[in-house]
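> Pasting a structure here, questions to come.
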Amino acid sequence: MSRKPSIKWRESDAEKLEKKVARFNAKIYRTKRSHPELADILPNTIKKADKEQLIQKFKEMPRSEFNKKLTSLERFSVKGAEKEIVSKTGNRVTKWEKKEVGLKVAQVNRAKTVERKAVEQMEATSRGESLGMKRGEMGSERLNELKPKKFNFDKIRGGKEWEKFKESVDKLASPEARNERMETYKKNYITGVERVYGDYAKDLINMLKEIPAEDIVKMYYSEQEATITFHYDPQEMQTKLDIITNIWTPLFEEYQGGD
């Protein structure tokens, strides 16, 4: 699950993008002239500034993302892609836009399925000892965020609701999405430790900050005792904090070179 290397941007890439953008924009202009009633649902043309922003983003992404964008632009050139589709809620979009959203949702769900299956097959442990079952056999709420994203076009209203849905799909489908999700998990876990154990957990918090987010998530999914729980009894609270600290210490030491 390591990150793929960023694209090595070439002059030929710039030429490919230029051609696809020119073709994309040309069809928008043609369609507006021949079907002015569709003007409000057609995609925006890609201006010079937009293209430059795209190039900067592509330079930080794997080549696969660049190829996906070119293919998406090309799909708008297909005959009939500009035609109007209306949902049962009255949401008006082009055939192209609906298809692009659907493809991104499918991409998101494929990634979630792979990640979920990997998590479900993790050996569940308690204080480092195997519980004799997989994480997926334990029925945990920790897997809820890996459930497939639903897309029912006929149930989404137009305007803000549709735009918000597209925004969420774009974010989930972006190459940074998984890393952002991991970092959010890490941040939330550290916040949970701070909230429950306060100043007593300073050493633990300092360790957690040094451990990569992906490893924190893996441990959290697999290790039953990594769950943060509040106890009214001070002794029980300290015992739980000691258990959690002992769970993370070996991983922290691994990244510190065993020091």
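Going by the structure tokens order, chains are called A, B, ..., each with residues numbered from 1, while ligands are numbered from 1 in the order shown.
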List every residue of region 2-189 of chain A that DSSP, applied to the backbone of this structure, assigns to strand (DSSP E), and report them as a list in words.

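Answer for region 2-189 of chain A restricted to strand (DSSP E) is Glu84, Ile85, Val86, Arg92, Val93, Thr94, Glu123, Ala124, Thr125, Ser126, Glu129, Ser130, Leu131, Gly132, Met133 and Lys134 of chain A.
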
> Let me see the file: selected residues, N, CA and C atoms, as a PDB file, in the first residue's frame.


ATOM      1  N   GLU A  84     -28.627  15.709 -22.065  1.00  0.00           N
ATOM      2  CA  GLU A  84     -29.163  15.937 -20.724  1.00  0.00           C
ATOM      3  C   GLU A  84     -29.780  14.677 -20.127  1.00  0.00           C
ATOM      4  N   ILE A  85     -29.512  14.462 -18.835  1.00  0.00           N
ATOM      5  CA  ILE A  85     -30.145  13.394 -18.070  1.00  0.00           C
ATOM      6  C   ILE A  85     -30.799  14.051 -16.858  1.00  0.00           C
ATOM      7  N   VAL A  86     -32.042  13.696 -16.587  1.00  0.00           N
ATOM      8  CA  VAL A  86     -32.783  14.293 -15.467  1.00  0.00           C
ATOM      9  C   VAL A  86     -33.166  13.208 -14.474  1.00  0.00           C
ATOM     10  N   ARG A  92     -30.613  18.012 -13.161  1.00  0.00           N
ATOM     11  CA  ARG A  92     -30.229  17.997 -14.565  1.00  0.00           C
ATOM     12  C   ARG A  92     -28.717  17.982 -14.704  1.00  0.00           C
ATOM     13  N   VAL A  93     -28.185  16.982 -15.388  1.00  0.00           N
ATOM     14  CA  VAL A  93     -26.744  16.902 -15.640  1.00  0.00           C
ATOM     15  C   VAL A  93     -26.533  16.330 -17.030  1.00  0.00           C
ATOM     16  N   THR A  94     -25.310  16.443 -17.530  1.00  0.00           N
ATOM     17  CA  THR A  94     -24.999  15.811 -18.808  1.00  0.00           C
ATOM     18  C   THR A  94     -24.767  14.318 -18.580  1.00  0.00           C
ATOM     19  N   GLU A 123      -4.788 -10.436  11.847  1.00  0.00           N
ATOM     20  CA  GLU A 123      -4.921 -11.224  13.065  1.00  0.00           C
ATOM     21  C   GLU A 123      -5.277 -10.289  14.218  1.00  0.00           C
ATOM     22  N   ALA A 124      -6.402 -10.536  14.865  1.00  0.00           N
ATOM     23  CA  ALA A 124      -6.809  -9.715  16.000  1.00  0.00           C
ATOM     24  C   ALA A 124      -5.963 -10.087  17.207  1.00  0.00           C
ATOM     25  N   THR A 125      -5.459  -9.068  17.891  1.00  0.00           N
ATOM     26  CA  THR A 125      -4.611  -9.324  19.052  1.00  0.00           C
ATOM     27  C   THR A 125      -5.100  -8.538  20.260  1.00  0.00           C
ATOM     28  N   SER A 126      -4.676  -8.962  21.415  1.00  0.00           N
ATOM     29  CA  SER A 126      -4.950  -8.260  22.659  1.00  0.00           C
ATOM     30  C   SER A 126      -3.653  -8.234  23.450  1.00  0.00           C
ATOM     31  N   GLU A 129      -1.016 -10.447  22.051  1.00  0.00           N
ATOM     32  CA  GLU A 129      -1.289 -11.875  21.965  1.00  0.00           C
ATOM     33  C   GLU A 129      -2.471 -12.140  21.039  1.00  0.00           C
ATOM     34  N   SER A 130      -2.345 -13.163  20.196  1.00  0.00           N
ATOM     35  CA  SER A 130      -3.411 -13.481  19.258  1.00  0.00           C
ATOM     36  C   SER A 130      -4.693 -13.882  19.986  1.00  0.00           C
ATOM     37  N   LEU A 131      -5.830 -13.411  19.450  1.00  0.00           N
ATOM     38  CA  LEU A 131      -7.134 -13.788  20.001  1.00  0.00           C
ATOM     39  C   LEU A 131      -7.700 -15.006  19.281  1.00  0.00           C
ATOM     40  N   GLY A 132      -6.933 -15.538  18.322  1.00  0.00           N
ATOM     41  CA  GLY A 132      -7.371 -16.731  17.616  1.00  0.00           C
ATOM     42  C   GLY A 132      -8.421 -16.473  16.558  1.00  0.00           C
ATOM     43  N   MET A 133      -8.555 -15.234  16.135  1.00  0.00           N
ATOM     44  CA  MET A 133      -9.527 -14.910  15.091  1.00  0.00           C
ATOM     45  C   MET A 133      -9.070 -13.679  14.317  1.00  0.00           C
ATOM     46  N   LYS A 134      -9.681 -13.504  13.143  1.00  0.00           N
ATOM     47  CA  LYS A 134      -9.371 -12.361  12.309  1.00  0.00           C
ATOM     48  C   LYS A 134     -10.207 -11.167  12.756  1.00  0.00           C
TER      49      LYS A 134
END

> Select from region 15-122 of chain A every residue with an atom at most 9 Å from any atom of region 142-162 of chain A, then for each give the shortest pair of atoms and their distance in Å to one decimal, using only C-alpha atoms, rows by chain and rising number, as a tab-separated table.


residue	atom	partner	partner_atom	distance
A:Val86	CA	A:Asp154	CA	8.3
A:Ser87	CA	A:Asp154	CA	4.7
A:Lys88	CA	A:Asp154	CA	4.9
A:Thr89	CA	A:Arg157	CA	5.3
A:Gly90	CA	A:Gly158	CA	6.8
A:Asn91	CA	A:Gly158	CA	4.2
A:Arg92	CA	A:Gly158	CA	6.9
A:Val93	CA	A:Gly158	CA	8.7
A:Lys98	CA	A:Phe153	CA	7.9
A:Val101	CA	A:Phe151	CA	8.8
A:Gly102	CA	A:Phe151	CA	7.3
A:Val105	CA	A:Lys149	CA	6.8
A:Ala106	CA	A:Lys149	CA	8.5
A:Val108	CA	A:Lys149	CA	7.5
A:Asn109	CA	A:Pro148	CA	5.1
A:Arg110	CA	A:Pro148	CA	8.4
A:Lys112	CA	A:Leu146	CA	5.3
A:Thr113	CA	A:Leu146	CA	7.2
A:Glu115	CA	A:Leu146	CA	7.4
A:Arg116	CA	A:Leu146	CA	5.8
A:Val119	CA	A:Leu143	CA	8.0
A:Glu120	CA	A:Leu143	CA	8.3

> Based on the selection just made, write C-alpha atoms of those residues as a PDB file, in the first residue's frame.


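Result saved to part.pdb:
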ATOM      1  CA  VAL A  86     -32.783  14.293 -15.467  1.00  0.00           C
ATOM      2  CA  SER A  87     -33.141  12.443 -12.175  1.00  0.00           C
ATOM      3  CA  LYS A  88     -36.440  11.737 -10.414  1.00  0.00           C
ATOM      4  CA  THR A  89     -35.580  14.615  -8.098  1.00  0.00           C
ATOM      5  CA  GLY A  90     -35.230  16.979 -11.062  1.00  0.00           C
ATOM      6  CA  ASN A  91     -31.439  17.101 -11.054  1.00  0.00           C
ATOM      7  CA  ARG A  92     -30.229  17.997 -14.565  1.00  0.00           C
ATOM      8  CA  VAL A  93     -26.744  16.902 -15.640  1.00  0.00           C
ATOM      9  CA  LYS A  98     -23.234  11.363 -14.451  1.00  0.00           C
ATOM     10  CA  VAL A 101     -19.244  10.506 -11.044  1.00  0.00           C
ATOM     11  CA  GLY A 102     -20.305   6.864 -11.322  1.00  0.00           C
ATOM     12  CA  VAL A 105     -17.621   6.035  -7.043  1.00  0.00           C
ATOM     13  CA  ALA A 106     -16.719   2.632  -8.488  1.00  0.00           C
ATOM     14  CA  VAL A 108     -13.517   4.520  -4.502  1.00  0.00           C
ATOM     15  CA  ASN A 109     -15.438   1.362  -3.712  1.00  0.00           C
ATOM     16  CA  ARG A 110     -12.823  -0.889  -5.323  1.00  0.00           C
ATOM     17  CA  LYS A 112     -12.325   0.393  -0.045  1.00  0.00           C
ATOM     18  CA  THR A 113     -13.012  -3.262  -0.809  1.00  0.00           C
ATOM     19  CA  GLU A 115      -8.534  -2.156   2.113  1.00  0.00           C
ATOM     20  CA  ARG A 116     -11.448  -3.700   3.971  1.00  0.00           C
ATOM     21  CA  VAL A 119      -8.147  -5.311   7.453  1.00  0.00           C
ATOM     22  CA  GLU A 120     -10.590  -8.196   7.885  1.00  0.00           C
TER      23      GLU A 120
END

> Using only C-alpha atoms, determine which residues lie at most 8 Å from region 213-218 of chain A, disregarding the query and same-chain residues fewer than 4 positions distant; provide the list as a ChimeraX atom specification.

/A:119,179,182-183,185-186,208,222

> How would the residues just picked look written out with C-alpha atoms as an mmCIF file, in the first residue's frame?


data_model
loop_
_atom_site.group_PDB
_atom_site.id
_atom_site.type_symbol
_atom_site.label_atom_id
_atom_site.label_comp_id
_atom_site.auth_asym_id
_atom_site.auth_seq_id
_atom_site.Cartn_x
_atom_site.Cartn_y
_atom_site.Cartn_z
ATOM 1 C CA VAL A 119 -8.147 -5.311 7.453
ATOM 2 C CA ASN A 179 -3.072 9.206 3.044
ATOM 3 C CA MET A 182 -4.717 7.756 7.589
ATOM 4 C CA GLU A 183 -3.479 11.090 8.936
ATOM 5 C CA TYR A 185 -7.158 8.547 11.982
ATOM 6 C CA LYS A 186 -3.815 9.287 13.613
ATOM 7 C CA LEU A 208 2.484 8.293 18.621
ATOM 8 C CA SER A 222 -5.656 -5.357 14.618
#

> State, in Å with one decimal place, the distance from CA of Ala226 (chain A) to CA of Ile247 (chain A).

7.1 Å

> Measuring between only C-alpha atoms, which one of A:Lys79, A:Lys240, A:Lys47, A:Lys27 shows the shortest distance to Tyr200 (chain A)?

A:Lys240

> Need to verify the contact set: region 189-193 of chain A, 12 Å, only C-alpha atoms, exclusion of same-chain residues closer than 3 positions in sequence. Can you return it as an MDAnalysis selection string?

chainID A and resid 182:186 196:211 213 216:217 219:221 226:230 237 240:241 244:245

> Taking N, CA and C atoms for each residue, export the selection above as an mmCIF file, in the first residue's frame.


data_model
loop_
_atom_site.group_PDB
_atom_site.id
_atom_site.type_symbol
_atom_site.label_atom_id
_atom_site.label_comp_id
_atom_site.auth_asym_id
_atom_site.auth_seq_id
_atom_site.Cartn_x
_atom_site.Cartn_y
_atom_site.Cartn_z
ATOM 1 N N MET A 182 -5.620 8.315 6.596
ATOM 2 C CA MET A 182 -4.717 7.756 7.589
ATOM 3 C C MET A 182 -4.266 8.833 8.585
ATOM 4 N N GLU A 183 -3.920 10.005 8.063
ATOM 5 C CA GLU A 183 -3.479 11.090 8.936
ATOM 6 C C GLU A 183 -4.613 11.548 9.861
ATOM 7 N N THR A 184 -5.838 11.525 9.339
ATOM 8 C CA THR A 184 -6.989 11.896 10.171
ATOM 9 C C THR A 184 -7.193 10.887 11.282
ATOM 10 N N TYR A 185 -7.059 9.593 10.957
ATOM 11 C CA TYR A 185 -7.158 8.547 11.982
ATOM 12 C C TYR A 185 -6.122 8.791 13.077
ATOM 13 N N LYS A 186 -4.898 9.064 12.657
ATOM 14 C CA LYS A 186 -3.815 9.287 13.613
ATOM 15 C C LYS A 186 -4.115 10.483 14.503
ATOM 16 N N VAL A 196 -8.742 11.560 27.123
ATOM 17 C CA VAL A 196 -9.027 10.584 28.176
ATOM 18 C C VAL A 196 -7.949 10.554 29.260
ATOM 19 N N TYR A 197 -6.678 10.608 28.860
ATOM 20 C CA TYR A 197 -5.604 10.400 29.834
ATOM 21 C C TYR A 197 -4.848 11.675 30.212
ATOM 22 N N GLY A 198 -5.088 12.759 29.453
ATOM 23 C CA GLY A 198 -4.511 14.043 29.811
ATOM 24 C C GLY A 198 -2.998 14.047 29.909
ATOM 25 N N ASP A 199 -2.472 14.771 30.928
ATOM 26 C CA ASP A 199 -1.037 14.937 31.097
ATOM 27 C C ASP A 199 -0.309 13.633 31.390
ATOM 28 N N TYR A 200 -1.041 12.639 31.881
ATOM 29 C CA TYR A 200 -0.406 11.351 32.189
ATOM 30 C C TYR A 200 0.078 10.637 30.920
ATOM 31 N N ALA A 201 -0.440 11.063 29.765
ATOM 32 C CA ALA A 201 -0.119 10.367 28.512
ATOM 33 C C ALA A 201 0.891 11.118 27.654
ATOM 34 N N LYS A 202 1.622 12.049 28.235
ATOM 35 C CA LYS A 202 2.571 12.845 27.438
ATOM 36 C C LYS A 202 3.584 11.976 26.701
ATOM 37 N N ASP A 203 4.149 10.994 27.411
ATOM 38 C CA ASP A 203 5.148 10.122 26.774
ATOM 39 C C ASP A 203 4.524 9.316 25.636
ATOM 40 N N LEU A 204 3.317 8.812 25.856
ATOM 41 C CA LEU A 204 2.620 8.043 24.824
ATOM 42 C C LEU A 204 2.333 8.915 23.607
ATOM 43 N N ILE A 205 1.876 10.121 23.847
ATOM 44 C CA ILE A 205 1.546 11.037 22.750
ATOM 45 C C ILE A 205 2.794 11.361 21.931
ATOM 46 N N ASN A 206 3.900 11.588 22.612
ATOM 47 C CA ASN A 206 5.150 11.867 21.897
ATOM 48 C C ASN A 206 5.576 10.687 21.033
ATOM 49 N N MET A 207 5.337 9.469 21.518
ATOM 50 C CA MET A 207 5.647 8.278 20.726
ATOM 51 C C MET A 207 4.748 8.208 19.497
ATOM 52 N N LEU A 208 3.452 8.402 19.715
ATOM 53 C CA LEU A 208 2.484 8.293 18.621
ATOM 54 C C LEU A 208 2.783 9.283 17.501
ATOM 55 N N LYS A 209 3.232 10.469 17.857
ATOM 56 C CA LYS A 209 3.530 11.488 16.853
ATOM 57 C C LYS A 209 4.668 11.058 15.931
ATOM 58 N N GLU A 210 5.538 10.172 16.406
ATOM 59 C CA GLU A 210 6.695 9.724 15.623
ATOM 60 C C GLU A 210 6.399 8.499 14.761
ATOM 61 N N ILE A 211 5.259 7.857 14.997
ATOM 62 C CA ILE A 211 4.910 6.638 14.260
ATOM 63 C C ILE A 211 4.098 7.012 13.015
ATOM 64 N N ALA A 213 1.374 7.328 10.166
ATOM 65 C CA ALA A 213 -0.074 7.201 10.295
ATOM 66 C C ALA A 213 -0.578 5.828 9.854
ATOM 67 N N ILE A 216 -0.105 3.296 12.513
ATOM 68 C CA ILE A 216 -1.030 3.499 13.626
ATOM 69 C C ILE A 216 -2.386 2.902 13.294
ATOM 70 N N VAL A 217 -2.821 3.123 12.055
ATOM 71 C CA VAL A 217 -4.118 2.581 11.645
ATOM 72 C C VAL A 217 -4.096 1.054 11.655
ATOM 73 N N MET A 219 -2.255 -0.954 13.429
ATOM 74 C CA MET A 219 -2.252 -1.431 14.813
ATOM 75 C C MET A 219 -3.626 -1.263 15.442
ATOM 76 N N TYR A 220 -4.241 -0.124 15.191
ATOM 77 C CA TYR A 220 -5.557 0.148 15.769
ATOM 78 C C TYR A 220 -6.581 -0.875 15.302
ATOM 79 N N TYR A 221 -6.520 -1.234 14.014
ATOM 80 C CA TYR A 221 -7.457 -2.212 13.470
ATOM 81 C C TYR A 221 -7.218 -3.605 14.057
ATOM 82 N N ALA A 226 -5.820 -1.609 21.785
ATOM 83 C CA ALA A 226 -5.447 -0.260 21.360
ATOM 84 C C ALA A 226 -6.615 0.709 21.487
ATOM 85 N N THR A 227 -7.809 0.178 21.722
ATOM 86 C CA THR A 227 -8.996 1.013 21.891
ATOM 87 C C THR A 227 -8.865 1.860 23.151
ATOM 88 N N ILE A 228 -9.173 3.144 23.012
ATOM 89 C CA ILE A 228 -9.096 4.068 24.145
ATOM 90 C C ILE A 228 -10.393 3.974 24.947
ATOM 91 N N THR A 229 -10.301 3.648 26.227
ATOM 92 C CA THR A 229 -11.490 3.532 27.076
ATOM 93 C C THR A 229 -11.309 4.328 28.357
ATOM 94 N N PHE A 230 -12.397 4.931 28.795
ATOM 95 C CA PHE A 230 -12.361 5.736 30.025
ATOM 96 C C PHE A 230 -12.769 4.881 31.217
ATOM 97 N N MET A 237 -7.656 3.324 35.291
ATOM 98 C CA MET A 237 -7.270 4.238 34.220
ATOM 99 C C MET A 237 -5.770 4.136 33.951
ATOM 100 N N LYS A 240 -4.922 0.840 32.206
ATOM 101 C CA LYS A 240 -5.255 0.871 30.775
ATOM 102 C C LYS A 240 -4.233 1.696 30.002
ATOM 103 N N LEU A 241 -3.807 2.823 30.585
ATOM 104 C CA LEU A 241 -2.807 3.657 29.927
ATOM 105 C C LEU A 241 -1.495 2.896 29.776
ATOM 106 N N ILE A 244 -1.839 0.413 26.850
ATOM 107 C CA ILE A 244 -1.767 1.070 25.540
ATOM 108 C C ILE A 244 -0.335 1.506 25.249
ATOM 109 N N THR A 245 0.341 2.035 26.251
ATOM 110 C CA THR A 245 1.732 2.475 26.080
ATOM 111 C C THR A 245 2.620 1.299 25.692
#

> Tell me, as a PDB file with N, CA and C atoms, in the first residue's frame, which residues lie within 9 Å of Ala173 (chain A), counting only C-alpha atoms; anything in the same chain fewer than 5 positions away does not count.


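To be explicit, this is the file written out as part05.pdb:
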ATOM      1  N   LYS A 104     -16.016   7.300 -10.718  1.00  0.00           N
ATOM      2  CA  LYS A 104     -15.222   7.635  -9.531  1.00  0.00           C
ATOM      3  C   LYS A 104     -15.726   6.896  -8.296  1.00  0.00           C
ATOM      4  N   VAL A 105     -17.050   6.779  -8.171  1.00  0.00           N
ATOM      5  CA  VAL A 105     -17.621   6.035  -7.043  1.00  0.00           C
ATOM      6  C   VAL A 105     -17.163   4.578  -7.106  1.00  0.00           C
ATOM      7  N   GLN A 107     -14.438   3.477  -8.477  1.00  0.00           N
ATOM      8  CA  GLN A 107     -13.010   3.473  -8.132  1.00  0.00           C
ATOM      9  C   GLN A 107     -12.832   3.517  -6.614  1.00  0.00           C
ATOM     10  N   VAL A 108     -13.583   4.392  -5.965  1.00  0.00           N
ATOM     11  CA  VAL A 108     -13.517   4.520  -4.502  1.00  0.00           C
ATOM     12  C   VAL A 108     -13.895   3.205  -3.834  1.00  0.00           C
ATOM     13  N   ALA A 111     -11.236   0.477  -4.098  1.00  0.00           N
ATOM     14  CA  ALA A 111     -10.147   0.706  -3.141  1.00  0.00           C
ATOM     15  C   ALA A 111     -10.585   0.349  -1.725  1.00  0.00           C
ATOM     16  N   SER A 168     -17.473  15.247  -2.411  1.00  0.00           N
ATOM     17  CA  SER A 168     -17.052  14.147  -1.532  1.00  0.00           C
ATOM     18  C   SER A 168     -16.449  13.000  -2.341  1.00  0.00           C
ATOM     19  N   ARG A 178      -6.401   8.474   0.564  1.00  0.00           N
ATOM     20  CA  ARG A 178      -6.077   7.431   1.539  1.00  0.00           C
ATOM     21  C   ARG A 178      -5.076   7.944   2.573  1.00  0.00           C
TER      22      ARG A 178
END

> Which value, in Å to one decimal, gives the distance between CA of Glu37 (chain A) and CA of Leu17 (chain A)?

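Those two atoms sit 28.8 Å apart.
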
> Run DSSP on the backbone and tell me which residues of region 91-259 of chain A come out as alpha helix (DSSP H); list them as a ChimeraX atom specification.

/A:95-120,160-173,177-197,202-210,213-222,234-255

> Between A:Arg23, A:His35, A:Lys51, A:Lys59, which is the closest to Phe76 (chain A) once you count only C-alpha atoms?

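Nearest candidate to Phe76 (chain A) out of A:Arg23, A:His35, A:Lys51, A:Lys59: A:Arg23.
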
> Looking at only C-alpha atoms, which of A:Glu167, A:Asp40, A:Glu52, A:Glu100 is the one that sits closest to Lys69 (chain A)?

A:Glu100
